[in-house]
>>> print(open('query.txt').read())   # compact mmCIF, C-alpha atoms
# COMPACT_ATOMS: atom_id res chain seq x y z
CA MET A 63 -32.21 10.66 25.09
CA GLY A 64 -29.99 13.74 24.70
CA PHE A 65 -28.18 13.08 27.97
CA LEU A 66 -27.73 9.39 27.14
CA TRP A 67 -26.20 10.34 23.80
CA GLN A 68 -23.78 12.72 25.53
CA VAL A 69 -22.69 9.89 27.82
CA GLN A 70 -22.32 7.53 24.87
CA VAL A 71 -20.20 9.96 22.85
CA ALA A 72 -18.01 10.73 25.87
CA SER A 73 -17.69 7.02 26.67
CA VAL A 74 -16.65 6.05 23.14
CA TYR A 75 -14.10 8.89 23.09
CA VAL A 76 -12.63 7.94 26.47
CA GLY A 77 -12.76 4.26 25.58
CA ALA A 78 -10.75 4.80 22.42
CA VAL A 79 -7.96 6.59 24.32
CA LEU A 80 -7.95 5.15 27.86
CA GLY A 81 -6.32 1.87 26.95
CA ALA A 82 -3.38 -0.30 27.86
CA GLY A 83 -0.75 2.43 27.73
CA PHE A 84 -2.89 4.94 29.63
CA ALA A 85 -4.22 2.94 32.57
CA SER A 86 -1.03 0.90 32.92
CA GLY A 87 0.92 4.10 33.45
CA GLN A 88 3.33 3.46 30.55
CA GLU A 89 1.96 6.31 28.39
CA ILE A 90 1.92 8.64 31.39
CA MET A 91 5.46 7.60 32.32
CA GLN A 92 6.84 8.12 28.82
CA PHE A 93 5.06 11.36 27.90
CA PHE A 94 4.69 13.19 31.24
CA VAL A 95 6.32 11.67 34.34
CA ARG A 96 9.79 11.60 32.74
CA TYR A 97 9.78 15.42 32.80
CA GLY A 98 9.34 15.61 36.57
CA PRO A 99 7.07 18.41 37.91
CA ALA A 100 6.97 20.06 34.45
CA GLY A 101 5.14 16.98 33.22
CA ALA A 102 2.12 17.81 35.38
CA GLY A 103 1.72 21.11 33.55
CA SER A 104 1.95 19.44 30.16
CA VAL A 105 -0.88 17.09 31.18
CA VAL A 106 -3.16 20.12 31.59
CA LEU A 107 -2.27 21.22 28.06
CA ALA A 108 -3.06 17.73 26.75
CA GLY A 109 -6.46 17.75 28.50
CA VAL A 110 -7.39 21.10 26.91
CA LEU A 111 -6.37 19.79 23.48
CA PHE A 112 -8.45 16.62 23.95
CA GLY A 113 -11.44 18.73 25.02
CA LEU A 114 -11.20 21.01 21.97
CA LEU A 115 -10.12 18.67 19.19
CA GLY A 116 -12.65 15.90 19.83
CA PRO A 117 -15.65 18.20 19.26
CA ALA A 118 -13.75 19.87 16.38
CA ILE A 119 -13.53 16.57 14.49
CA ILE A 120 -17.27 15.93 14.89
CA TYR A 121 -18.09 19.56 13.99
CA VAL A 122 -16.11 19.48 10.74
CA CYS A 123 -17.68 16.16 9.76
CA ARG A 124 -21.18 17.51 10.40
CA GLN A 125 -20.55 20.75 8.54
CA LYS A 126 -19.08 18.99 5.50
CA GLY A 127 -21.41 15.98 5.52
CA VAL A 128 -18.50 13.56 6.02
CA ALA A 129 -19.29 10.01 7.17
CA GLN A 130 -15.94 8.24 6.59
CA TYR A 131 -12.53 9.29 7.75
CA GLN A 132 -11.02 8.87 4.24
CA ASP A 133 -13.40 11.58 3.03
CA LEU A 134 -12.31 13.82 5.91
CA ILE A 135 -8.59 13.53 5.21
CA ASN A 136 -9.16 13.97 1.46
CA LEU A 137 -11.14 17.12 2.26
CA ILE A 138 -8.33 18.45 4.43
CA PHE A 139 -5.22 17.37 2.52
CA GLY A 140 -6.44 16.68 -1.03
CA CYS A 141 -6.49 13.28 -2.70
CA ARG A 142 -2.74 12.79 -3.16
CA LEU A 143 -1.57 13.76 0.32
CA GLY A 144 -4.78 12.30 1.72
CA ARG A 145 -3.71 8.85 0.54
CA VAL A 146 -0.48 9.22 2.53
CA MET A 147 -2.39 10.22 5.68
CA ASP A 148 -4.80 7.34 5.07
CA VAL A 149 -1.88 4.90 5.22
CA VAL A 150 -0.63 6.57 8.42
CA ILE A 151 -4.02 6.35 10.13
CA ALA A 152 -4.66 2.79 8.97
CA SER A 153 -1.23 1.77 10.26
CA SER A 154 -1.93 3.44 13.61
CA LEU A 155 -5.11 1.39 13.98
CA PHE A 156 -3.23 -1.87 13.57
CA VAL A 157 -0.56 -0.59 15.97
CA GLY A 158 -3.35 0.24 18.44
CA ILE A 159 -4.67 -3.33 18.32
CA MET A 160 -1.14 -4.70 18.72
CA VAL A 161 -0.26 -2.52 21.72
CA MET A 162 -3.56 -3.19 23.51
CA LEU A 163 -3.17 -6.95 23.10
CA SER A 164 0.48 -6.72 24.13
CA GLY A 165 -0.64 -4.90 27.27
CA THR A 166 -2.89 -7.80 28.25
CA GLY A 167 0.09 -10.12 27.91
CA ALA A 168 2.23 -7.91 30.15
CA LEU A 169 -0.63 -7.69 32.65
CA VAL A 170 -1.19 -11.42 33.13
CA GLU A 171 2.56 -12.05 33.23
CA GLN A 172 3.30 -9.39 35.88
CA GLN A 173 0.22 -9.90 38.04
CA TRP A 174 -0.33 -13.65 37.93
CA GLY A 175 2.81 -15.12 36.35
CA TRP A 176 0.90 -16.56 33.38
CA PRO A 177 2.39 -16.79 29.87
CA SER A 178 1.70 -13.57 27.95
CA TRP A 179 0.01 -15.41 25.09
CA ILE A 180 -2.92 -16.26 27.37
CA GLY A 181 -3.79 -12.58 27.82
CA VAL A 182 -3.25 -11.83 24.13
CA THR A 183 -5.36 -14.72 22.85
CA GLY A 184 -8.21 -14.39 25.34
CA THR A 185 -8.62 -10.66 24.76
CA ALA A 186 -8.42 -11.07 20.98
CA VAL A 187 -11.29 -13.58 21.07
CA LEU A 188 -13.47 -11.33 23.25
CA VAL A 189 -12.78 -8.27 21.07
CA THR A 190 -13.89 -10.22 18.01
CA ALA A 191 -17.06 -11.42 19.73
CA CYS A 192 -18.07 -7.95 20.98
CA LEU A 193 -17.50 -6.25 17.63
CA TRP A 194 -19.26 -8.91 15.58
CA TRP A 195 -22.39 -6.73 15.24
CA GLY A 196 -20.59 -3.51 14.30
CA LEU A 197 -20.85 0.09 15.50
CA LYS A 198 -23.89 -0.34 17.77
CA SER A 199 -22.17 -3.03 19.81
CA LEU A 200 -19.08 -0.81 20.12
CA VAL A 201 -21.18 2.10 21.43
CA TRP A 202 -23.08 0.05 23.99
CA VAL A 203 -20.07 -1.88 25.30
CA ASN A 204 -18.24 1.41 25.84
CA THR A 205 -21.31 3.01 27.46
CA ILE A 206 -21.36 0.24 30.06
CA LEU A 207 -17.65 -0.40 30.64
CA VAL A 208 -15.96 3.00 30.24
CA PRO A 209 -17.65 4.69 33.25
CA LEU A 210 -16.76 1.64 35.35
CA LYS A 211 -13.08 1.64 34.41
CA SER A 212 -12.86 5.43 34.74
CA VAL A 213 -14.18 5.34 38.31
CA ILE A 214 -11.76 2.55 39.31
CA CYS A 215 -8.80 4.28 37.65
CA LEU A 216 -9.54 7.59 39.35
CA ALA A 217 -10.21 6.00 42.75
CA VAL A 218 -6.99 3.98 42.85
CA ALA A 219 -4.82 6.85 41.57
CA THR A 220 -6.38 9.22 44.13
CA ALA A 221 -5.77 6.70 46.91
CA VAL A 222 -2.11 6.46 45.90
CA VAL A 223 -1.78 10.26 46.02
CA VAL A 224 -3.58 10.61 49.37
CA TRP A 225 -2.41 7.58 51.38
CA MET A 226 0.92 6.36 50.05
CA PRO A 227 3.99 8.22 51.38
CA PRO A 228 6.65 9.39 48.92
CA ILE A 229 9.39 6.88 48.17
CA ASP A 230 12.04 8.98 49.92
CA THR A 231 10.37 8.54 53.34
CA GLY A 232 11.03 5.65 55.69
CA SER A 233 7.34 4.78 55.96
CA PHE A 234 7.20 3.79 52.28
CA ALA A 235 8.75 0.42 53.12
CA SER A 236 5.58 -0.68 54.85
CA PHE A 237 3.69 -0.40 51.59
CA HIS A 238 5.76 -2.81 49.51
CA GLY A 239 6.30 -5.76 51.76
CA THR A 240 3.26 -7.77 50.69
CA GLU A 241 3.19 -10.79 48.41
CA ALA A 242 1.16 -8.84 45.85
CA ILE A 243 4.21 -7.05 44.46
CA PRO A 244 7.71 -8.10 43.44
CA ALA A 245 10.78 -7.26 45.49
CA MET A 246 12.40 -3.88 44.88
CA SER A 247 16.01 -5.04 45.32
CA SER A 248 16.77 -5.22 41.61
CA LEU A 249 15.56 -1.68 40.94
CA HIS A 250 17.26 1.66 41.30
CA ASN A 251 17.92 3.06 44.74
CA PRO A 252 14.97 5.18 45.86
CA ILE A 253 15.52 8.88 45.25
CA GLU A 254 13.39 11.96 45.06
CA ALA A 255 11.19 12.33 42.00
CA THR A 256 13.32 13.82 39.28
CA GLU A 257 13.30 13.98 35.55
CA VAL A 258 13.40 10.51 34.09
CA SER A 259 15.90 10.17 31.32
CA GLY A 260 14.44 9.15 28.01
CA GLY A 261 15.72 8.58 24.53
CA GLY A 262 14.71 7.62 21.07
CA LEU A 263 11.80 9.57 19.62
CA LEU A 264 10.67 11.14 22.89
CA PRO A 265 11.17 14.95 22.82
CA SER A 266 13.03 17.04 25.39
CA SER A 267 10.15 19.54 25.60
CA PRO A 268 7.19 18.64 27.87
CA ALA A 269 4.87 20.88 25.81
CA LEU A 270 5.81 19.08 22.58
CA SER A 271 5.32 15.78 24.38
CA ALA A 272 1.74 16.84 25.23
CA PHE A 273 1.05 17.59 21.56
CA LEU A 274 2.52 14.23 20.51
CA TYR A 275 0.43 12.45 23.14
CA VAL A 276 -2.79 14.01 21.88
CA SER A 277 -1.71 13.55 18.26
CA PHE A 278 -1.21 9.80 18.32
CA ASN A 279 -4.32 9.23 20.43
CA LEU A 280 -6.53 11.25 18.09
CA THR A 281 -4.96 9.57 15.06
CA MET A 282 -5.96 6.20 16.52
CA SER A 283 -9.46 7.31 17.55
CA LEU A 284 -10.23 9.40 14.44
CA VAL A 285 -12.08 6.61 12.63
CA VAL A 286 -14.42 6.05 15.57
CA LEU A 287 -15.14 9.78 16.06
CA VAL A 288 -15.89 10.24 12.36
CA ALA A 289 -18.20 7.22 12.40
CA LEU A 290 -20.12 8.81 15.29
CA ALA A 291 -20.45 12.21 13.60
CA PRO A 292 -23.46 11.46 11.34
CA GLN A 293 -25.42 10.37 14.40
CA VAL A 294 -24.74 13.60 16.30
CA ARG A 295 -28.06 15.35 15.76
CA HIS A 296 -27.93 17.63 18.76
CA ARG A 297 -25.40 19.99 20.33
CA GLY A 298 -25.21 17.48 23.15
CA GLY A 299 -22.97 15.35 20.95
CA TYR A 300 -20.35 18.11 20.89
CA LEU A 301 -20.69 18.54 24.63
CA GLY A 302 -20.24 14.81 25.13
CA ALA A 303 -17.01 14.87 23.11
CA ALA A 304 -15.76 17.89 25.08
CA VAL A 305 -16.55 16.23 28.41
CA GLY A 306 -14.85 13.04 27.25
CA GLY A 307 -11.72 14.93 26.21
CA LEU A 308 -11.49 16.94 29.43
CA SER A 309 -12.07 13.77 31.43
CA LEU A 310 -9.09 12.17 29.70
CA GLY A 311 -6.94 15.13 30.74
CA PHE A 312 -8.16 14.90 34.34
CA PHE A 313 -7.49 11.15 34.55
CA ALA A 314 -4.01 11.64 33.10
CA TYR A 315 -3.30 14.43 35.61
CA VAL A 316 -4.23 12.29 38.60
CA LEU A 317 -2.14 9.37 37.32
CA THR A 318 0.82 11.71 36.77
CA LEU A 319 0.61 12.96 40.36
CA ALA A 320 0.36 9.39 41.61
CA MET A 321 3.48 8.30 39.73
CA LEU A 322 5.73 11.33 40.23
CA HIS A 323 6.47 10.41 43.87
CA TYR A 324 7.78 6.94 42.97
CA VAL A 325 10.32 7.58 40.21
CA PRO A 326 12.66 5.83 39.51
CA ALA A 327 11.47 2.72 41.40
CA ILE A 328 8.47 2.20 39.11
CA GLU A 329 10.61 2.39 35.96
CA GLY A 330 11.45 -1.29 36.33
CA TYR A 331 7.83 -2.39 35.86
CA PRO A 332 6.06 -2.70 32.48
CA VAL A 333 2.80 -1.85 34.30
CA PRO A 334 3.84 0.78 36.90
CA MET A 335 0.34 1.72 38.09
CA LEU A 336 -0.34 -1.94 38.85
CA PHE A 337 2.71 -1.93 41.14
CA LEU A 338 1.45 1.15 43.01
CA ALA A 339 -2.05 -0.29 43.31
CA GLY A 340 -0.61 -3.51 44.73
CA ALA A 341 1.50 -1.49 47.16
CA LEU A 342 -1.68 -0.06 48.68
CA HIS A 343 -3.14 -3.52 49.37
CA PRO A 344 -3.12 -6.90 47.61
CA TRP A 345 -6.84 -6.60 46.84
CA THR A 346 -6.32 -3.13 45.40
CA GLY A 347 -3.80 -4.67 43.02
CA GLU A 348 -6.34 -7.28 41.92
CA ILE A 349 -9.02 -4.62 41.38
CA TYR A 350 -6.62 -2.48 39.36
CA ALA A 351 -5.60 -5.51 37.31
CA PHE A 352 -9.26 -5.90 36.37
CA LEU A 353 -9.40 -2.17 35.48
CA LEU A 354 -6.33 -2.52 33.28
CA TRP A 355 -7.87 -5.37 31.39
CA LEU A 356 -11.05 -3.31 30.88
CA ALA A 357 -8.96 -0.40 29.61
CA MET A 358 -7.03 -2.57 27.19
CA PHE A 359 -10.18 -4.33 26.05
CA THR A 360 -12.22 -1.18 25.32
CA ALA A 361 -9.32 0.56 23.56
CA ALA A 362 -8.70 -2.57 21.49
CA LEU A 363 -12.39 -2.45 20.53
CA GLY A 364 -11.96 1.04 19.09
CA SER A 365 -8.81 0.21 17.14
CA ALA A 366 -10.15 -3.10 15.84
CA PHE A 367 -13.45 -1.53 14.76
CA GLY A 368 -11.55 1.25 13.00
CA ALA A 369 -9.31 -1.23 11.18
CA ALA A 370 -12.26 -3.36 10.08
CA LEU A 371 -14.17 -0.28 8.94
CA ARG A 372 -11.13 0.94 7.01
CA LEU A 373 -10.75 -2.36 5.15
CA SER A 374 -14.43 -3.06 4.49
CA LYS A 375 -15.82 0.51 4.36
CA MET A 376 -18.85 -0.93 6.16
CA GLU A 377 -19.78 -0.80 9.83
CA LYS A 378 -21.47 -4.22 9.84
CA GLY A 379 -22.18 -7.20 7.62
CA PRO A 380 -20.19 -10.20 6.28
CA HIS A 381 -17.43 -8.16 4.61
CA TYR A 382 -16.97 -6.16 7.81
CA ARG A 383 -16.70 -9.36 9.85
CA LYS A 384 -14.08 -10.84 7.52
CA SER A 385 -12.08 -7.63 7.80
CA LEU A 386 -12.40 -7.73 11.59
CA LEU A 387 -11.03 -11.26 11.76
CA PHE A 388 -8.20 -10.39 9.38
CA SER A 389 -7.23 -7.29 11.38
CA ILE A 390 -6.93 -9.17 14.67
CA ILE A 391 -5.28 -12.33 13.32
CA VAL A 392 -2.59 -10.38 11.45
CA VAL A 393 -1.43 -8.33 14.44
CA ALA A 394 -1.84 -10.91 17.23
CA PRO A 395 1.63 -12.54 16.80
CA PHE A 396 3.33 -9.11 17.03
CA ALA A 397 1.49 -8.44 20.30
CA LEU A 398 3.96 -10.79 22.00
CA LEU A 399 6.68 -8.11 21.68
CA PRO A 400 7.64 -6.22 24.90
CA PHE A 401 4.84 -3.86 25.89
CA SER A 402 6.93 -0.99 27.29
CA GLU A 403 9.17 -0.91 24.21
CA LEU A 404 6.16 -0.73 21.90
CA VAL A 405 4.74 2.24 23.82
CA ALA A 406 8.08 4.09 23.95
CA THR A 407 8.85 3.61 20.24
CA LEU A 408 5.64 3.41 18.22
CA TYR A 409 3.50 5.96 20.08
CA PRO A 410 5.94 8.90 19.70
CA PHE A 411 6.44 8.01 16.01
CA PHE A 412 2.72 8.17 15.28
CA GLY A 413 2.54 11.31 17.40
CA TYR A 414 4.97 13.07 15.05
CA VAL A 415 3.32 11.90 11.83
CA GLY A 416 -0.12 12.74 13.22
CA LEU A 417 0.75 16.35 14.12
CA PRO A 418 -0.20 17.71 10.65
CA LEU A 419 -3.58 16.03 11.03
CA ILE A 420 -4.56 17.67 14.32
CA ILE A 421 -3.23 21.05 13.16
CA ALA A 422 -5.25 20.80 9.95
CA ILE A 423 -8.42 19.74 11.79
CA ALA A 424 -8.09 22.65 14.18
CA TRP A 425 -7.62 25.07 11.25
CA VAL A 426 -10.60 23.74 9.27
CA ALA A 427 -12.84 23.76 12.37
CA LEU A 428 -11.94 27.40 13.14
CA ARG A 429 -12.48 28.37 9.51
CA GLU A 430 -15.90 26.69 9.39
CA LEU A 431 -16.91 28.23 12.69
CA PHE A 432 -15.86 31.69 11.48
CA HIS A 433 -17.80 31.29 8.21
CA THR A 434 -20.90 30.11 10.07
CA ARG A 435 -20.77 33.03 12.52
CA THR A 436 -20.21 35.51 9.69
CA LYS A 437 -23.16 34.13 7.75
CA ASP A 438 -25.43 34.32 10.82
CA ILE A 439 -24.44 37.96 11.43
CA SER A 440 -25.03 38.92 7.79
CA ILE A 441 -28.49 37.36 7.85
>>> encode(input="query.txt", output="structure tokens")
Amino acid sequence: MGFLWQVQVASVYVGAVLGAGFASGQEIMQFFVRYGPAGAGSVVLAGVLFGLLGPAIIYVCRQKGVAQYQDLINLIFGCRLGRVMDVVIASSLFVGIMVMLSGTGALVEQQWGWPSWIGVTGTAVLVTACLWWGLKSLVWVNTILVPLKSVICLAVATAVVVWMPPIDTGSFASFHGTEAIPAMSSLHNPIEATEVSGGGLLPSSPALSAFLYVSFNLTMSLVVLVALAPQVRHRGGYLGAAVGGLSLGFFAYVLTLAMLHYVPAIEGYPVPMLFLAGALHPWTGEIYAFLLWLAMFTAALGSAFGAALRLSKMEKGPHYRKSLLFSIIVVAPFALLPFSELVATLYPFFGYVGLPLIIAIAWVALRELFHTRTKDISI
């Protein structure tokens, strides 16, 4: 049972983060690949932060007896500032639902030429159905689907790194002549992987970008991690969160390596990893399209559950279900906005506003750990 719980905690953590932006390559493109080789180093930093901060959130909740994320932020920031952070986190949950659903629209449009609303509507219905029974259904769906999507994501990205030649070699042309991918004529001329220019809210520092990346992801997954904390009865729960966080860093690192060789050609695609998967083989593209949908679906589950829990303050029951329906129906029309623009604009914004949260959690966790160690020594 202890090992199963570790897998479940790790799966829920990975499922909340490895979503549309991650597996599609848009998050990786915006936060890491645009920095060129320096981006690969910042991915390592992000993985370490995921591995430390996930267990830290659960640890603080267990030490303080916190079962709802509002109680956690009030404990950290006080009631007045806590209300501000509550609004930020609640907004990030609705943004998470919107971006995940938008990603499904971009997926079906790029891969199969369908109208984007088909992906948005179909995924919204399935998310509602799977979350109808609350937290337990969220845990079990993630336990089954997250390992599957993680294996596919890692396998395809590794295959791209190992078998596909860099874009600046003549042999690359043989990989993009199939019907599975669009023509490259309208894109930039192939050049060596260099720093991708970026603007808006994206920082010029790759290290700061890593912090922003972890910040917005933890802000969006905070509600789910806090909801899990009361059920963590063994140290295995902390280990599961650590493994989940480090796994996220490893997946991001492999995707970064896979994409660095094909800048700037992949910039023209809203789902760049789908292009690279299709360049390997048409069937690889279809398999990766299925992975992308799984990633979007499981991440949407985490955001939608968090939003419903925030509104209803219950993890199941009629009021929870009404809140779930409201959360999805309200954001669904906005999910028809361009996917890549949503990732590039909204994610960095919530990364900045979430920085005080992750800094405060790290400080409180270190303080509690120090007090516990001191008390043990004195006894």
>>> residues_around(input="query.txt", residues="Pro418 in chain A", least_positions_apart="4", cutoff="10 Å", atoms="all atoms listed in the file", output="list in words")
Phe139, Met147, Ser277, Gly413, Tyr414, Ala422, Ile423 and Ala424 of chain A
>>> write_last_selection(input="query.txt", atoms="C-alpha atoms", output="PDB file, keeping the file's coordinate frame")
ATOM      1  CA  PHE A 139      -5.220  17.370   2.520  1.00  0.00           C
ATOM      2  CA  MET A 147      -2.390  10.220   5.680  1.00  0.00           C
ATOM      3  CA  SER A 277      -1.710  13.550  18.260  1.00  0.00           C
ATOM      4  CA  GLY A 413       2.540  11.310  17.400  1.00  0.00           C
ATOM      5  CA  TYR A 414       4.970  13.070  15.050  1.00  0.00           C
ATOM      6  CA  ALA A 422      -5.250  20.800   9.950  1.00  0.00           C
ATOM      7  CA  ILE A 423      -8.420  19.740  11.790  1.00  0.00           C
ATOM      8  CA  ALA A 424      -8.090  22.650  14.180  1.00  0.00           C
TER       9      ALA A 424
END
>>> closest_residue(input="query.txt", among="A:Gln125, A:Thr220, A:Thr318, A:Ser283", to="Val105 in chain A", atoms="all atoms listed in the file")
A:Thr318
>>> atom_distance(input="query.txt", atom1="CA of Ala369 in chain A", atom2="CA of Ala291 in chain A")
17.6 Å
>>> residues_around(input="query.txt", residues="range 165-168 of chain A", least_positions_apart="5", cutoff="8 Å", atoms="only C-alpha atoms", output="number ranges by chain")
A: 82-83, 177-182, 185, 332-333, 355, 358, 397-398, 400-401
>>> closest_residue(input="query.txt", among="A:Lys198, A:Met91, A:Ser309, A:Ser73", to="Glu329 in chain A", atoms="all atoms listed in the file")
A:Met91
>>> closest_residue(input="query.txt", among="A:Trp202, A:Phe432, A:Phe412, A:Tyr275", to="Phe94 in chain A", atoms="only C-alpha atoms")
A:Tyr275
>>> atom_distance(input="query.txt", atom1="CA of Ile138 in chain A", atom2="CA of Val285 in chain A")
14.9 Å
>>> residues_around(input="query.txt", residues="Ala272 in chain A", least_positions_apart="3", cutoff="12 Å", atoms="only C-alpha atoms", output="PyMOL selection string")
chain A and resi 89-90+92-95+97+100-112+264-269+275-279+311+314-315+410+413-414+417
>>> residues_near_point(input="query.txt", point="(-0.4, 2.0, 11.0)", cutoff="12 Å", atoms="all atoms listed in the file", output="VMD selection string")
chain A and resid 146 to 161 278 281 to 282 365 368 to 369 372 389 393 408 to 409 411 to 413 415 to 416
>>> closest_residue(input="query.txt", among="A:Val71, A:Ala370, A:Leu287, A:Ile214", to="Ile120 in chain A", atoms="all atoms listed in the file")
A:Leu287
>>> atom_distance(input="query.txt", atom1="CA of Phe388 in chain A", atom2="CA of Trp194 in chain A")
12.8 Å
>>> closest_residue(input="query.txt", among="A:Leu419, A:Val170, A:Ile328, A:Leu399", to="Leu274 in chain A", atoms="all atoms listed in the file")
A:Leu419
>>> closest_residue(input="query.txt", among="A:Leu336, A:Leu428, A:Val224, A:Val286", to="Ala129 in chain A", atoms="all atoms listed in the file")
A:Val286
